[in-house]
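Before any comments, here is the structure.
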Amino acid sequence: MIYREWHALVEAGKEQTYLNHLQEETFPKLKTLDGFIQAFVLRRPEKKGTYIKVTTVWESVESIRAFAGAEETVAVVPETAQRMMISFEPHATHYELAAKID
């Protein structure tokens, strides 16, 4: 499994709008892709806005390419989402699962 992590700083007052965007637009599209397993969204209040970390879980790098394109580490951030952000990471970081504790 591959864990794809990405983060952004969302403008104050726009956090819920961004989370709605993920729930209504991004995640439904991800669910249609072969190899997509699940997603997590973490948040942390900051002085300027809300720090958001999105982790998606995939079966393989090849399945990530179906979402992100040939350069699989490039962040996929639609313009509508970018307008809600102060800043965002242009690339995602990928990790292989090394251990799991239940």
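Each chain in the structure tokens gets a letter, A, B, ..., in the order shown, and its residues are numbered from 1; ligands are numbered from 1 in order too.
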
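These are the residues of stretch 41-94 of chain A assigned alpha helix (DSSP H) by DSSP from backbone coordinates: Val61, Glu62, Ser63, Ile64, Arg65, Ala66, Phe67, Ala68, Glu79, Thr80, Ala81 and Gln82 of chain A.
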
Worksheet item: Do you know which residues are at most 8 Å from A:Ile52 counting only C-alpha atoms, after dropping those on the same chain fewer than 5 positions away, and could you put them as number ranges by chain?
Response: A: 7-10, 41-44

Quick one: write out the picked residues with C-alpha atoms as an mmCIF file, in the first residue's frame?
```cif
data_model
loop_
_atom_site.group_PDB
_atom_site.id
_atom_site.type_symbol
_atom_site.label_atom_id
_atom_site.label_comp_id
_atom_site.auth_asym_id
_atom_site.auth_seq_id
_atom_site.Cartn_x
_atom_site.Cartn_y
_atom_site.Cartn_z
ATOM 1 C CA HIS A 7 -1.021 19.645 2.934
ATOM 2 C CA ALA A 8 -2.312 23.195 2.599
ATOM 3 C CA LEU A 9 -3.153 26.250 4.654
ATOM 4 C CA VAL A 10 -6.805 27.167 4.084
ATOM 5 C CA VAL A 41 -8.301 14.563 6.438
ATOM 6 C CA LEU A 42 -6.596 16.095 9.451
ATOM 7 C CA ARG A 43 -6.867 19.725 10.508
ATOM 8 C CA ARG A 44 -5.114 22.076 12.898
#
```

Discussion item. If DSSP is run on the backbone, what residues of chain A are strand (DSSP E)? A reply as a PyMOL selection string would be ideal.
Written reply: chain A and resi 2-11+36-45+49-58+85-88+93-96

Once you have the residues from the selection above, write them out as a PDB file, in the first residue's frame, restricted to C-alpha atoms.
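Dumped to again-v9.pdb:
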```pdb
ATOM      1  CA  ILE A   2       1.076   3.557  -0.709  1.00  0.00           C
ATOM      2  CA  TYR A   3       0.121   6.460   1.542  1.00  0.00           C
ATOM      3  CA  ARG A   4       0.019   9.795  -0.316  1.00  0.00           C
ATOM      4  CA  GLU A   5       0.282  12.852   1.953  1.00  0.00           C
ATOM      5  CA  TRP A   6      -0.341  16.459   0.987  1.00  0.00           C
ATOM      6  CA  HIS A   7      -1.021  19.645   2.934  1.00  0.00           C
ATOM      7  CA  ALA A   8      -2.312  23.195   2.599  1.00  0.00           C
ATOM      8  CA  LEU A   9      -3.153  26.250   4.654  1.00  0.00           C
ATOM      9  CA  VAL A  10      -6.805  27.167   4.084  1.00  0.00           C
ATOM     10  CA  GLU A  11      -7.954  30.743   4.646  1.00  0.00           C
ATOM     11  CA  PHE A  36      -8.006   3.780  -4.322  1.00  0.00           C
ATOM     12  CA  ILE A  37      -8.540   2.445  -0.789  1.00  0.00           C
ATOM     13  CA  GLN A  38      -9.409   5.317   1.555  1.00  0.00           C
ATOM     14  CA  ALA A  39      -8.686   8.893   2.602  1.00  0.00           C
ATOM     15  CA  PHE A  40      -8.127  10.815   5.826  1.00  0.00           C
ATOM     16  CA  VAL A  41      -8.301  14.563   6.438  1.00  0.00           C
ATOM     17  CA  LEU A  42      -6.596  16.095   9.451  1.00  0.00           C
ATOM     18  CA  ARG A  43      -6.867  19.725  10.508  1.00  0.00           C
ATOM     19  CA  ARG A  44      -5.114  22.076  12.898  1.00  0.00           C
ATOM     20  CA  PRO A  45      -6.090  25.691  13.634  1.00  0.00           C
ATOM     21  CA  GLY A  49      -6.347  29.852   8.860  1.00  0.00           C
ATOM     22  CA  THR A  50      -6.551  26.068   9.109  1.00  0.00           C
ATOM     23  CA  TYR A  51      -3.735  23.683   8.267  1.00  0.00           C
ATOM     24  CA  ILE A  52      -5.148  20.687   6.388  1.00  0.00           C
ATOM     25  CA  LYS A  53      -3.342  17.404   5.784  1.00  0.00           C
ATOM     26  CA  VAL A  54      -4.897  14.925   3.357  1.00  0.00           C
ATOM     27  CA  THR A  55      -3.708  11.337   3.286  1.00  0.00           C
ATOM     28  CA  THR A  56      -4.982   8.983   0.625  1.00  0.00           C
ATOM     29  CA  VAL A  57      -4.246   5.273   0.575  1.00  0.00           C
ATOM     30  CA  TRP A  58      -3.635   3.412  -2.685  1.00  0.00           C
ATOM     31  CA  MET A  85      -5.981  28.546   0.238  1.00  0.00           C
ATOM     32  CA  ILE A  86      -3.252  30.794   1.529  1.00  0.00           C
ATOM     33  CA  SER A  87      -0.674  28.244   0.391  1.00  0.00           C
ATOM     34  CA  PHE A  88      -0.417  24.607  -0.621  1.00  0.00           C
ATOM     35  CA  THR A  93       4.854  12.726  -0.572  1.00  0.00           C
ATOM     36  CA  HIS A  94       4.453   8.970  -0.879  1.00  0.00           C
ATOM     37  CA  TYR A  95       5.160   6.404   1.820  1.00  0.00           C
ATOM     38  CA  GLU A  96       4.999   2.614   1.905  1.00  0.00           C
TER      39      GLU A  96
END
```

Determine, counting only C-alpha atoms, which protein, DNA and RNA residues have an atom within 10 Å of an atom of A:Asp34; residues of the same chain fewer than 2 positions away are not included. Present the result as a CSV table (one decimal) with C-alpha atoms, in the first residue's frame.
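Result file follows (out-v8.csv):
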```csv
chain,number,residue,atom,x,y,z
A,30,LEU,CA,-11.4,9.0,-6.1
A,31,LYS,CA,-13.9,6.2,-5.2
A,32,THR,CA,-14.3,5.5,-8.9
A,36,PHE,CA,-8.0,3.8,-4.3
A,37,ILE,CA,-8.5,2.4,-0.8
A,58,TRP,CA,-3.6,3.4,-2.7
A,59,GLU,CA,-2.8,-0.1,-3.8
A,60,SER,CA,0.1,1.0,-5.9
A,62,GLU,CA,0.3,2.9,-10.8
A,63,SER,CA,-3.1,3.5,-9.3
A,64,ILE,CA,-2.0,6.9,-8.1
A,66,ALA,CA,-4.6,7.3,-12.7
A,67,PHE,CA,-5.4,10.2,-10.4
```

Worksheet item: Hey, which of A:Lys47, A:Ala81, A:Gly69, A:Leu97 ends up closest to A:Asn20? Count only C-alpha atoms.
Response: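 Residue with the minimum atom-to-atom distance to A:Asn20: A:Ala81.
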